[in-house]
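Data from run18.csv: CSV, C-alpha atoms and all ligand atoms
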chain,number,residue,atom,x,y,z
H,1,MET,CA,32.8,71.4,54.8
H,2,LYS,CA,31.1,72.2,58.1
H,3,ILE,CA,27.8,74.0,57.8
H,4,LEU,CA,26.0,75.8,60.6
H,5,VAL,CA,22.2,75.6,60.0
H,6,THR,CA,20.1,77.9,62.2
H,7,GLY,CA,16.5,76.9,62.5
H,8,GLY,CA,17.6,73.4,61.4
H,9,LEU,CA,14.8,71.5,63.1
H,10,GLY,CA,12.1,73.6,61.3
H,11,PHE,CA,10.2,72.7,58.2
H,12,ILE,CA,12.7,73.8,55.5
H,13,GLY,CA,15.8,73.6,57.7
H,14,SER,CA,15.2,69.9,58.6
H,15,HIS,CA,14.9,68.9,54.9
H,16,THR,CA,18.0,70.9,54.1
H,17,CYS,CA,19.9,69.1,56.9
H,18,VAL,CA,19.0,65.8,55.3
H,19,GLU,CA,20.2,66.9,51.9
H,20,LEU,CA,23.4,68.3,53.4
H,21,LEU,CA,24.2,65.1,55.3
H,22,ASN,CA,23.4,63.0,52.2
H,23,ALA,CA,25.9,65.2,50.3
H,24,ASN,CA,28.5,64.5,53.0
H,25,TYR,CA,28.6,67.9,54.5
H,26,GLU,CA,29.1,68.1,58.3
H,27,VAL,CA,26.1,69.8,59.9
H,28,VAL,CA,25.8,71.8,63.1
H,29,ILE,CA,22.3,72.9,64.1
H,30,ILE,CA,21.2,75.8,66.3
H,31,ASP,CA,17.5,75.9,67.1
H,32,ASN,CA,15.6,77.2,70.2
H,33,LEU,CA,12.6,74.9,69.5
H,34,SER,CA,10.3,77.9,69.4
H,35,ASN,CA,8.5,76.4,66.4
H,36,SER,CA,9.9,72.9,66.2
H,37,SER,CA,10.4,69.8,68.3
H,38,ILE,CA,13.5,67.9,69.4
H,39,ASP,CA,12.2,64.7,67.9
H,40,VAL,CA,13.1,66.1,64.5
H,41,LEU,CA,16.8,65.5,65.3
H,42,ASP,CA,16.2,61.8,65.7
H,43,LYS,CA,14.1,61.7,62.4
H,44,ILE,CA,17.0,63.4,60.6
H,45,GLU,CA,19.3,60.7,62.0
H,46,GLU,CA,16.7,57.9,61.0
H,47,ILE,CA,16.7,59.2,57.4
H,48,THR,CA,20.4,59.8,56.9
H,49,SER,CA,22.0,57.4,59.5
H,50,LYS,CA,24.0,60.5,60.6
H,51,LYS,CA,23.5,62.6,63.7
H,52,PRO,CA,24.2,66.3,63.3
H,53,LYS,CA,25.6,68.2,66.3
H,54,PHE,CA,22.8,70.2,68.0
H,55,TYR,CA,22.7,73.3,70.2
H,56,GLU,CA,19.5,74.3,71.8
H,57,ILE,CA,20.1,78.0,71.9
H,58,ASP,CA,18.7,81.3,70.7
H,59,VAL,CA,20.5,82.7,67.7
H,60,CYS,CA,20.1,86.2,69.2
H,61,ASP,CA,22.3,85.2,72.1
H,62,LYS,CA,25.7,86.3,70.9
H,63,GLU,CA,27.8,84.8,73.6
H,64,LYS,CA,26.3,81.3,73.0
H,65,VAL,CA,26.6,81.6,69.2
H,66,SER,CA,30.3,82.6,69.6
H,67,VAL,CA,30.8,79.4,71.6
H,68,VAL,CA,29.3,77.3,68.8
H,69,PHE,CA,31.8,78.9,66.4
H,70,LYS,CA,34.7,78.4,68.8
H,71,GLU,CA,33.8,74.7,69.3
H,72,ASN,CA,33.3,74.1,65.6
H,73,LYS,CA,35.2,75.4,62.6
H,74,ILE,CA,32.2,76.6,60.7
H,75,ASP,CA,32.8,77.1,56.9
H,76,ALA,CA,29.4,78.5,56.0
H,77,VAL,CA,26.1,79.5,57.6
H,78,ILE,CA,22.6,78.8,56.3
H,79,HIS,CA,20.2,81.0,58.2
H,80,PHE,CA,16.6,79.7,58.5
H,81,ALA,CA,15.8,80.7,62.0
H,82,GLY,CA,13.1,83.3,62.3
H,83,TYR,CA,9.4,83.9,62.7
H,84,LYS,CA,7.3,83.5,59.6
H,85,ALA,CA,3.6,83.9,60.3
H,86,VAL,CA,2.3,86.9,58.3
H,87,GLY,CA,-0.9,87.5,60.4
H,88,GLU,CA,1.0,87.3,63.7
H,89,SER,CA,3.6,89.8,62.3
H,90,VAL,CA,0.8,92.3,61.9
H,91,SER,CA,-0.4,91.9,65.5
H,92,GLU,CA,3.0,91.5,67.0
H,93,PRO,CA,5.4,93.4,64.8
H,94,LEU,CA,8.1,94.0,67.5
H,95,LYS,CA,8.4,90.3,68.1
H,96,TYR,CA,9.2,89.9,64.4
H,97,TYR,CA,11.6,92.8,64.0
H,98,ARG,CA,13.4,91.7,67.2
H,99,ASN,CA,13.8,88.0,66.3
H,100,ASN,CA,14.4,88.2,62.5
H,101,LEU,CA,16.7,91.2,62.5
H,102,ASP,CA,18.6,90.5,65.8
H,103,SER,CA,19.3,86.8,64.8
H,104,THR,CA,20.8,87.9,61.5
H,105,LEU,CA,22.9,90.8,63.0
H,106,THR,CA,24.2,88.5,65.7
H,107,LEU,CA,25.3,85.8,63.2
H,108,LEU,CA,27.0,88.4,60.9
H,109,GLU,CA,28.9,89.9,63.8
H,110,VAL,CA,30.1,86.5,65.1
H,111,MET,CA,31.0,85.4,61.5
H,112,LYS,CA,33.1,88.5,61.2
H,113,GLU,CA,34.9,87.8,64.5
H,114,GLU,CA,35.4,84.2,63.6
H,115,ASN,CA,36.5,84.7,60.0
H,116,CYS,CA,33.6,82.8,58.4
H,117,HIS,CA,32.7,84.3,55.0
H,118,ASN,CA,29.9,82.3,53.5
H,119,PHE,CA,26.2,83.1,54.2
H,120,VAL,CA,23.0,81.8,52.7
H,121,PHE,CA,19.8,83.6,53.7
H,122,SER,CA,16.2,82.5,53.6
H,123,SER,CA,14.3,85.3,52.0
H,124,SER,CA,10.9,85.1,50.4
H,125,ALA,CA,8.9,86.0,47.3
H,126,THR,CA,7.0,88.3,49.6
H,127,VAL,CA,9.7,91.0,49.0
H,128,TYR,CA,8.2,91.5,45.5
H,129,GLY,CA,5.0,92.9,47.1
H,130,SER,CA,2.3,93.0,44.4
H,131,PRO,CA,4.3,92.4,41.2
H,132,LYS,CA,3.1,94.3,38.1
H,133,GLU,CA,4.2,91.6,35.7
H,134,LEU,CA,4.6,87.8,35.8
H,135,PRO,CA,6.7,85.7,35.9
H,136,ILE,CA,8.7,87.4,38.7
H,137,LYS,CA,12.4,88.1,37.9
H,138,GLU,CA,15.0,88.9,40.6
H,139,ASP,CA,15.5,92.5,39.4
H,140,PHE,CA,11.8,93.4,39.8
H,141,PRO,CA,11.1,96.3,42.2
H,142,LEU,CA,10.9,95.3,45.9
H,143,SER,CA,8.2,96.3,48.4
H,144,THR,CA,6.3,94.7,51.2
H,145,THR,CA,2.7,94.5,52.5
H,146,ASN,CA,3.3,93.3,56.1
H,147,PRO,CA,5.9,93.4,58.9
H,148,TYR,CA,7.1,89.8,58.2
H,149,GLY,CA,7.9,90.8,54.6
H,150,THR,CA,9.5,94.0,55.8
H,151,THR,CA,11.9,92.1,58.1
H,152,LYS,CA,13.0,90.0,55.0
H,153,LEU,CA,13.5,93.2,52.9
H,154,MET,CA,15.3,95.0,55.7
H,155,ILE,CA,17.7,92.0,56.1
H,156,GLU,CA,18.3,91.9,52.3
H,157,ARG,CA,19.3,95.6,52.6
H,158,ILE,CA,21.5,95.0,55.6
H,159,LEU,CA,23.2,92.1,53.7
H,160,ALA,CA,23.8,94.3,50.6
H,161,ASP,CA,25.5,97.0,52.9
H,162,VAL,CA,27.6,94.4,54.7
H,163,SER,CA,28.7,92.8,51.4
H,164,LYS,CA,29.8,96.3,50.1
H,165,ALA,CA,31.9,96.9,53.3
H,166,ASP,CA,33.5,93.4,53.5
H,167,LYS,CA,34.9,92.2,50.2
H,168,ASP,CA,35.7,88.7,51.6
H,169,LEU,CA,32.0,87.9,52.1
H,170,SER,CA,30.0,85.6,49.9
H,171,ILE,CA,26.2,86.0,50.4
H,172,ILE,CA,23.4,84.2,48.6
H,173,VAL,CA,19.9,85.4,49.2
H,174,LEU,CA,17.3,82.8,48.3
H,175,ARG,CA,13.8,84.0,47.6
H,176,TYR,CA,11.5,81.1,48.2
H,177,PHE,CA,8.1,80.8,46.6
H,178,ASN,CA,5.6,78.4,48.3
H,179,PRO,CA,7.2,75.4,49.8
H,180,ILE,CA,4.9,72.4,50.5
H,181,GLY,CA,5.3,68.6,50.5
H,182,ALA,CA,7.4,66.6,52.9
H,183,HIS,CA,10.2,64.0,52.9
H,184,LYS,CA,9.0,60.9,51.2
H,185,SER,CA,9.7,58.8,54.3
H,186,GLY,CA,6.9,60.8,56.1
H,187,LEU,CA,9.3,61.3,59.0
H,188,ILE,CA,9.7,65.1,58.6
H,189,GLY,CA,7.3,67.7,57.3
H,190,GLU,CA,5.4,70.8,58.2
H,191,LYS,CA,3.7,71.0,61.6
H,192,PRO,CA,2.2,74.4,62.1
H,193,ASN,CA,1.0,75.3,65.7
H,194,GLY,CA,-2.7,76.0,65.9
H,195,ILE,CA,-4.9,76.8,62.9
H,196,PRO,CA,-2.7,76.9,59.8
H,197,ASN,CA,-2.2,80.1,57.9
H,198,ASN,CA,-1.2,78.5,54.6
H,199,LEU,CA,-3.2,76.6,52.1
H,200,MET,CA,-1.6,73.1,52.1
H,201,PRO,CA,-1.4,72.7,55.9
H,202,TYR,CA,-5.1,73.6,55.9
H,203,ILE,CA,-6.0,71.2,53.1
H,204,VAL,CA,-4.3,68.3,54.9
H,205,ARG,CA,-6.2,69.0,58.1
H,206,VAL,CA,-9.6,69.2,56.3
H,207,ALA,CA,-8.8,66.0,54.5
H,208,ASN,CA,-7.9,64.4,57.8
H,209,LYS,CA,-11.2,65.7,59.3
H,210,GLU,CA,-9.3,67.8,61.9
H,211,LEU,CA,-11.0,70.9,60.4
H,212,PRO,CA,-14.5,70.9,58.9
H,213,ILE,CA,-14.1,72.9,55.7
H,214,LEU,CA,-11.6,74.9,53.6
H,215,SER,CA,-12.4,78.5,53.0
H,216,VAL,CA,-11.2,79.6,49.5
H,217,PHE,CA,-10.6,83.4,49.7
H,218,GLY,CA,-12.2,84.8,46.5
H,219,ASN,CA,-13.0,83.2,43.1
H,220,ASP,CA,-13.2,86.5,41.2
H,221,TYR,CA,-9.5,87.1,40.6
H,222,ASP,CA,-8.2,87.6,37.1
H,223,THR,CA,-6.9,84.0,36.9
H,224,PRO,CA,-8.1,81.0,34.8
H,225,ASP,CA,-10.6,79.7,37.5
H,226,GLY,CA,-10.8,82.9,39.5
H,227,THR,CA,-8.9,81.6,42.6
H,228,GLY,CA,-5.4,82.8,43.6
H,229,VAL,CA,-2.4,81.3,41.8
H,230,ARG,CA,0.9,80.5,43.5
H,231,ASP,CA,4.2,78.8,42.6
H,232,TYR,CA,4.3,75.7,44.9
H,233,ILE,CA,7.7,74.0,45.2
H,234,HIS,CA,8.4,70.7,46.9
H,235,VAL,CA,10.4,71.3,50.1
H,236,VAL,CA,12.9,68.6,49.0
H,237,ASP,CA,13.6,70.5,45.8
H,238,LEU,CA,13.9,73.7,47.9
H,239,ALA,CA,16.4,72.0,50.2
H,240,LYS,CA,18.5,70.8,47.2
H,241,GLY,CA,18.5,74.5,46.1
H,242,HIS,CA,20.5,75.2,49.2
H,243,ILE,CA,23.3,72.8,48.2
H,244,LYS,CA,23.5,74.5,44.9
H,245,ALA,CA,23.7,77.9,46.7
H,246,LEU,CA,26.5,76.7,48.9
H,247,GLU,CA,28.5,75.4,45.9
H,248,LYS,CA,28.1,78.9,44.4
H,249,CYS,CA,28.9,80.6,47.7
H,250,VAL,CA,32.4,79.2,48.0
H,251,ASN,CA,33.3,80.1,44.4
H,252,PHE,CA,32.4,83.8,44.4
H,253,LYS,CA,32.6,87.0,46.4
H,254,GLY,CA,29.8,89.5,46.8
H,255,ILE,CA,26.0,89.1,47.0
H,256,GLU,CA,23.6,87.4,44.7
H,257,TYR,CA,19.8,86.9,44.7
H,258,TYR,CA,17.9,83.8,43.4
H,259,ASN,CA,14.3,82.9,43.1
H,260,LEU,CA,13.6,79.3,44.1
H,261,GLY,CA,10.3,78.3,42.5
H,262,THR,CA,9.2,76.0,39.7
H,263,GLY,CA,8.0,78.7,37.4
H,264,THR,CA,4.5,77.2,37.2
H,265,GLY,CA,1.5,78.7,38.9
H,266,TYR,CA,-1.4,76.6,40.3
H,267,SER,CA,-4.7,77.9,41.5
H,268,VAL,CA,-6.2,77.1,44.9
H,269,LEU,CA,-8.7,74.8,43.1
H,270,ASP,CA,-6.0,73.1,41.1
H,271,LEU,CA,-4.3,72.2,44.4
H,272,VAL,CA,-7.5,71.0,46.0
H,273,ASN,CA,-8.5,68.9,43.0
H,274,THR,CA,-5.1,67.3,42.6
H,275,PHE,CA,-4.9,66.6,46.3
H,276,GLU,CA,-8.3,64.9,46.2
H,277,LYS,CA,-7.4,62.8,43.1
H,278,VAL,CA,-3.9,61.6,44.2
H,279,ASN,CA,-4.9,60.9,47.8
H,280,ASN,CA,-8.4,59.6,47.1
H,281,VAL,CA,-9.9,61.8,49.8
H,282,GLU,CA,-12.5,64.6,49.9
H,283,VAL,CA,-11.6,68.2,50.7
H,284,PRO,CA,-14.9,70.1,51.2
H,285,TYR,CA,-14.5,73.8,50.5
H,286,LYS,CA,-16.6,77.0,50.4
H,287,ILE,CA,-15.9,80.2,48.5
H,288,VAL,CA,-15.7,83.3,50.8
H,289,ASP,CA,-14.6,86.9,50.4
H,290,ARG,CA,-11.1,87.8,49.2
H,291,ARG,CA,-8.6,88.2,52.1
H,292,PRO,CA,-7.2,91.7,52.4
H,293,GLY,CA,-3.6,91.9,51.1
H,294,ASP,CA,-3.8,88.7,49.0
H,295,ILE,CA,-2.6,89.1,45.3
H,296,ALA,CA,-4.2,87.3,42.3
H,297,ALA,CA,-1.1,85.5,41.1
H,298,CYS,CA,2.5,85.0,41.9
H,299,TYR,CA,5.1,82.8,40.2
H,300,ALA,CA,8.8,82.8,39.6
H,301,ASP,CA,10.9,83.1,36.6
H,302,PRO,CA,13.4,80.4,37.7
H,303,THR,CA,15.9,81.0,34.8
H,304,LYS,CA,18.6,82.7,36.9
H,305,ALA,CA,18.8,79.9,39.4
H,306,TYR,CA,18.9,77.4,36.6
H,307,LYS,CA,21.6,79.2,34.6
H,308,GLU,CA,23.9,80.3,37.5
H,309,LEU,CA,23.3,77.6,40.2
H,310,GLY,CA,22.2,74.7,38.0
H,311,PHE,CA,19.0,74.4,40.0
H,312,LYS,CA,15.8,73.1,38.6
H,313,ALA,CA,12.8,71.8,40.6
H,314,GLU,CA,12.1,68.2,39.8
H,315,TYR,CA,8.9,67.3,41.7
H,316,GLY,CA,5.5,68.0,40.4
H,317,ILE,CA,2.3,69.1,42.1
H,318,GLU,CA,1.1,65.5,42.4
H,319,ASP,CA,4.2,64.6,44.4
H,320,MET,CA,3.7,67.6,46.6
H,321,CYS,CA,0.1,66.7,47.4
H,322,ARG,CA,0.9,63.0,48.0
H,323,ASP,CA,3.9,63.7,50.3
H,324,SER,CA,2.1,66.4,52.3
H,325,TYR,CA,-0.7,63.9,53.1
H,326,ASN,CA,1.6,61.0,53.7
H,327,PHE,CA,3.4,63.0,56.4
H,328,ILE,CA,0.1,63.7,58.2
H,329,LEU,CA,-1.0,60.0,57.9
H,330,LYS,CA,2.4,58.7,59.2
H,331,ASN,CA,2.3,61.1,62.1
H,332,LYS,CA,-1.2,60.1,63.0
H,333,GLU,CA,0.0,56.5,63.2
H,334,SER,CA,2.9,57.4,65.4
H,335,HIS,CA,0.6,59.4,67.7
H,336,ASN,CA,-1.7,56.4,68.0
H,337,ASN,CA,1.1,53.9,68.8
H,401,LIG,N1,7.7,78.1,54.9
H,401,LIG,C1,7.5,79.1,54.0
H,401,LIG,O1,6.5,79.2,53.4
H,401,LIG,C2,8.6,80.1,53.8
H,401,LIG,C3,8.5,80.9,52.6
H,401,LIG,C4,9.5,81.9,52.4
H,401,LIG,C5,10.5,82.1,53.4
H,401,LIG,N2,10.6,81.3,54.5
H,401,LIG,C6,11.6,81.5,55.5
H,401,LIG,O2,12.4,80.3,55.6
H,401,LIG,C7,12.9,80.1,56.9
H,401,LIG,C8,12.5,78.8,57.4
H,401,LIG,O3,11.1,78.6,57.3
H,401,LIG,P1,10.3,77.3,57.9
H,401,LIG,O4,9.1,77.2,57.1
H,401,LIG,O5,11.2,76.2,57.9
H,401,LIG,O6,10.0,77.8,59.3
H,401,LIG,P2,9.9,77.0,60.7
H,401,LIG,O7,9.2,77.9,61.7
H,401,LIG,O8,9.4,75.6,60.5
H,401,LIG,O9,11.5,76.9,61.1
H,401,LIG,C9,12.2,78.0,61.7
H,401,LIG,C10,13.0,77.3,62.8
H,401,LIG,O10,13.8,78.4,63.5
H,401,LIG,C11,13.7,78.2,64.9
H,401,LIG,N3,13.9,79.6,65.4
H,401,LIG,C12,13.1,80.7,65.3
H,401,LIG,N4,13.7,81.7,65.9
H,401,LIG,C13,14.9,81.3,66.5
H,401,LIG,C14,15.9,81.8,67.2
H,401,LIG,N5,15.9,83.1,67.6
H,401,LIG,N6,17.0,81.1,67.6
H,401,LIG,C15,17.0,79.7,67.3
H,401,LIG,N7,16.1,79.1,66.6
H,401,LIG,C16,15.0,79.9,66.2
H,401,LIG,C17,12.3,77.6,65.1
H,401,LIG,O11,12.2,76.9,66.4
H,401,LIG,C18,12.1,76.7,63.9
H,401,LIG,O12,12.6,75.4,64.2
H,401,LIG,C19,12.3,81.3,57.7
H,401,LIG,O13,13.2,82.3,57.8
H,401,LIG,C20,11.1,81.7,56.9
H,401,LIG,O14,10.8,83.1,57.0
H,401,LIG,C21,9.6,80.3,54.7
Would you mind writing the file out in structure tokens?
Amino acid sequence: MKILVTGGLGFIGSHTCVELLNANYEVVIIDNLSNSSIDVLDKIEEITSKKPKFYEIDVCDKEKVSVVFKENKIDAVIHFAGYKAVGESVSEPLKYYRNNLDSTLTLLEVMKEENCHNFVFSSSATVYGSPKELPIKEDFPLSTTNPYGTTKLMIERILADVSKADKDLSIIVLRYFNPIGAHKSGLIGEKPNGIPNNLMPYIVRVANKELPILSVFGNDYDTPDGTGVRDYIHVVDLAKGHIKALEKCVNFKGIEYYNLGTGTGYSVLDLVNTFEKVNNVEVPYKIVDRRPGDIAACYADPTKAYKELGFKAEYGIEDMCRDSYNFILKNKESHNN
């Protein structure tokens, strides 16, 4: 089967390309390199000994996307391409609505024209807003607290409408919890531009002395140690979830939604302490005020993905901490060479 992976040189996309190639899928990547680097293509080849076909184009460019479909008989699309920084989405909402919605609409139009019926979409646990209960199940009420989240929820609504209108379509919506970690080779991982927004990229930079200290936003939440609790999932597990989703996609019609998480919540201090222990480094931190919009705790009920996709995360928090740091250390070495 030939799979089109949009955003395939990004953090989750690159790990998914590796898993697809290892599982003998043919892979075609579209990426405009707005948040990734062309080197990742070589790293994917180094890991898998296979080179995916690559198009450096914008997914919003319908003419160019059509050419990709005409040059390749695409059986399914996994759509990662999009912007993902919550803070930036608040200051530049139009940029987020334009890129995230337009890219999805373009793909769906071209897929219809080219008779491609299988679509896997990267959604996010952010569509659950501030959940009233935990763990979070797929049928919980949906709401959002920022423009980034709203783009994901709007796309979910669009996909539901498109699925109702076209009975040939198979759509899987994957709601990711908090992906961290990196491929164990240290060749691919997360490389945020500028000061990181998320906890793990921040921790690794503090550990690496690129940033002086970690700010922990609030220690008075209703959680075991007072700091925020999240469901961290190893990016390689997340990538494998996409293979399971594809297998489901080709065997059903309609639209389905799955949480991809581990089902276990860890606090900020759990993550910091584990990171220090497994990597034998110090991560100095200070407690500061809560950050507006943050919720106390968020973790998945992963039962539906397990029962219907056969997906279960295998890596633990220690692997995630070790692999995240290994990626930074390996990249430091390659920069120095
Ligand atoms: N990382 C997370 O914590 C997380 C959590 C939930 C959902 N998601 C979603 O998963 C998807 C992948 O996330 P990621 O962490 O790998 O992000 P990423 O930024 O590392 O990867 C996205 C890739 O898409 C490319 N891209 C963006 N807009 C494009 C366009 N118009 N045309 C072509 N390429 C384009 C970027 O260059 C980048 O390589 C995103 O849709 C994101 O919203 C991510």
Checklist line | Of the listed residues H:Ala207, H:Leu199, H:Ile255, H:Ile44, that which approaches ligand LIG 401 (chain H) most closely, counting only C-alpha atoms and all ligand atoms | finding: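 Answer, going by the shortest atom-to-atom distance: H:Leu199.
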Margin query: With 10 Å as the threshold, what does the neighbourhood of (37.1, 74.3, 61.3) contain in terms of residues, counting only C-alpha atoms? Coordinates are those of the file; answer as a count of residues only.
Written below: 11
Using only C-alpha atoms and all ligand atoms, find each residue of chain H with at least one atom at most 8 Å away from an atom of ligand LIG 401 (chain H); report its shortest atom-to-atom pair and that distance in Å (one decimal), sort the rows by chain and rising residue number, and return the result as a tab-separated table.
residue	atom	partner	partner_atom	distance
H:Thr6	CA	H:LIG401	N7	6.1
H:Gly7	CA	H:LIG401	O10	3.2
H:Gly8	CA	H:LIG401	O12	6.1
H:Leu9	CA	H:LIG401	O12	4.6
H:Gly10	CA	H:LIG401	O9	3.4
H:Phe11	CA	H:LIG401	O5	3.7
H:Ile12	CA	H:LIG401	O5	3.7
H:Gly13	CA	H:LIG401	O5	5.3
H:Ser14	CA	H:LIG401	O5	7.5
H:Ile30	CA	H:LIG401	C15	5.8
H:Asp31	CA	H:LIG401	N7	3.5
H:Asn32	CA	H:LIG401	C15	4.1
H:Leu33	CA	H:LIG401	O11	3.7
H:Ser34	CA	H:LIG401	O11	3.7
H:Asn35	CA	H:LIG401	O11	3.7
H:Ser36	CA	H:LIG401	O12	4.2
H:Ser37	CA	H:LIG401	O12	7.3
H:Glu56	CA	H:LIG401	C15	7.5
H:Ile57	CA	H:LIG401	C15	5.8
H:Asp58	CA	H:LIG401	N6	3.5
H:Val59	CA	H:LIG401	N6	3.8
H:Cys60	CA	H:LIG401	N5	5.5
H:His79	CA	H:LIG401	O13	7.1
H:Phe80	CA	H:LIG401	C7	4.1
H:Ala81	CA	H:LIG401	O10	3.4
H:Gly82	CA	H:LIG401	C12	4.0
H:Tyr83	CA	H:LIG401	C12	5.5
H:Lys84	CA	H:LIG401	O14	4.4
H:Ala85	CA	H:LIG401	O14	8.0
H:Asn99	CA	H:LIG401	N5	5.5
H:Asn100	CA	H:LIG401	N5	7.4
H:Ser103	CA	H:LIG401	N5	5.8
H:Phe121	CA	H:LIG401	O13	7.9
H:Ser122	CA	H:LIG401	O2	4.8
H:Ser123	CA	H:LIG401	C5	5.2
H:Ser124	CA	H:LIG401	C4	4.0
H:Ala125	CA	H:LIG401	C4	6.6
H:Thr126	CA	H:LIG401	C4	7.4
H:Tyr148	CA	H:LIG401	O14	7.7
H:Lys152	CA	H:LIG401	O14	7.5
H:Arg175	CA	H:LIG401	C4	6.8
H:Tyr176	CA	H:LIG401	C4	4.7
H:Phe177	CA	H:LIG401	C3	6.0
H:Asn178	CA	H:LIG401	O1	5.2
H:Pro179	CA	H:LIG401	O1	5.3
H:Ile180	CA	H:LIG401	O1	7.6
H:Glu190	CA	H:LIG401	O8	6.7
H:Lys191	CA	H:LIG401	O8	7.4
H:Pro192	CA	H:LIG401	O8	7.5
H:Asn198	CA	H:LIG401	O1	7.8
Margin query: Can you tell me which residues surround Lys132 (chain H) at a distance of at most 12 Å, considering only C-alpha atoms, apart from same-chain residues fewer than 6 positions away, and format the answer as number ranges by chain?
Written below: H: 140-143, 295-299
Check: Closest to Val162 (chain H) among H:Thr227, H:Lys112, H:Asp222, H:Ser91, using all atoms listed in the file?
Finding: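 Among the listed residues, the smallest separation from Val162 (chain H) belongs to H:Lys112.
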Item checked: Top pick for closest residue to Val281 (chain H), considering H:Glu314, H:Gly265, H:Tyr325, H:Pro93 and counting all atoms listed in the file ->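 Result for the nearest residue to Val281 (chain H): H:Tyr325.
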Notebook entry, point to check: From the list H:Asn208, H:Thr48, H:Asn280, H:Thr303, which residue is nearest Leu260 (chain H) when using all atoms listed in the file?
Noted result: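 With all atoms listed in the file as the atom set, the closest residue is H:Thr303.
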Name all residues at most 10 Å from Ala300 (chain H) (count all atoms listed in the file; drop same-chain ones fewer than 4 positions away) and give them as an mmCIF file with C-alpha atoms, in the coordinates of the input.
data_model
loop_
_atom_site.group_PDB
_atom_site.id
_atom_site.type_symbol
_atom_site.label_atom_id
_atom_site.label_comp_id
_atom_site.auth_asym_id
_atom_site.auth_seq_id
_atom_site.Cartn_x
_atom_site.Cartn_y
_atom_site.Cartn_z
ATOM 1 C CA ALA H 125 8.900 86.000 47.300
ATOM 2 C CA LEU H 134 4.600 87.800 35.800
ATOM 3 C CA PRO H 135 6.700 85.700 35.900
ATOM 4 C CA ILE H 136 8.700 87.400 38.700
ATOM 5 C CA LYS H 137 12.400 88.100 37.900
ATOM 6 C CA GLU H 138 15.000 88.900 40.600
ATOM 7 C CA ARG H 175 13.800 84.000 47.600
ATOM 8 C CA TYR H 176 11.500 81.100 48.200
ATOM 9 C CA PHE H 177 8.100 80.800 46.600
ATOM 10 C CA ARG H 230 0.900 80.500 43.500
ATOM 11 C CA ASP H 231 4.200 78.800 42.600
ATOM 12 C CA TYR H 232 4.300 75.700 44.900
ATOM 13 C CA TYR H 258 17.900 83.800 43.400
ATOM 14 C CA ASN H 259 14.300 82.900 43.100
ATOM 15 C CA LEU H 260 13.600 79.300 44.100
ATOM 16 C CA GLY H 261 10.300 78.300 42.500
ATOM 17 C CA THR H 262 9.200 76.000 39.700
ATOM 18 C CA GLY H 263 8.000 78.700 37.400
ATOM 19 C CA THR H 264 4.500 77.200 37.200
ATOM 20 C CA GLY H 265 1.500 78.700 38.900
#
Checklist line | Top pick for closest residue to Pro196 (chain H), considering H:Ile317, H:Ala239, H:Val86, H:Leu329 and counting only C-alpha atoms | finding: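 Of H:Ile317, H:Ala239, H:Val86, H:Leu329, the one nearest Pro196 (chain H), counting only C-alpha atoms, is H:Val86.
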Next item on the list: Grab the CA of Arg98 (chain H) to CA of Ile171 (chain H) distance for me, in Å with one decimal place.
Entry: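 CA of Ile171 (chain H) lies 21.9 Å from CA of Arg98 (chain H).
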Item checked: Two-atom distance - CA of Lys50 (chain H), CA of Ala23 (chain H) (Å) -> 11.5 Å
If you count only C-alpha atoms, which residues fall within 8 Å of Met320 (chain H), apart from same-chain ones fewer than 5 positions away, as a short mmCIF file (atom, residue, chain, number, x, y, z; two decimals) with C-alpha atoms, in the coordinates of the input?
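Writing the result to around38.cif gives the following:
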data_model
loop_
_atom_site.label_atom_id
_atom_site.label_comp_id
_atom_site.auth_asym_id
_atom_site.auth_seq_id
_atom_site.Cartn_x
_atom_site.Cartn_y
_atom_site.Cartn_z
CA ILE H 180 4.90 72.40 50.50
CA GLY H 181 5.30 68.60 50.50
CA ALA H 182 7.40 66.60 52.90
CA ILE H 233 7.70 74.00 45.20
CA HIS H 234 8.40 70.70 46.90
CA TYR H 315 8.90 67.30 41.70
#
Next item on the list: Work out how far CA of Tyr285 (chain H) is from CA of Gly186 (chain H), in Å to one decimal.
Entry: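 So the answer is 25.7 Å.
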Notebook entry, point to check: So which one's closest to Val229 (chain H), H:Tyr266, H:Gly241, H:Asn279, H:Glu210? Using only C-alpha atoms, please.
Noted result: H:Tyr266
I need region 292-305 of chain H from the structure I supplied, saved as a tab-separated table (two decimals), in the first residue's frame with C-alpha atoms retained.
chain	number	residue	atom	x	y	z
H	292	PRO	CA	-3.74	30.79	32.50
H	293	GLY	CA	-5.66	28.11	30.60
H	294	ASP	CA	-3.74	25.14	32.08
H	295	ILE	CA	-5.82	22.34	33.59
H	296	ALA	CA	-4.92	20.29	36.68
H	297	ALA	CA	-4.92	16.84	35.13
H	298	CYS	CA	-5.53	15.17	31.77
H	299	TYR	CA	-5.15	11.50	30.92
H	300	ALA	CA	-6.77	9.12	28.49
H	301	ASP	CA	-8.96	6.11	28.83
H	302	PRO	CA	-7.09	4.06	26.18
H	303	THR	CA	-9.61	1.15	26.20
H	304	LYS	CA	-11.31	1.90	22.89
H	305	ALA	CA	-8.02	1.99	20.94
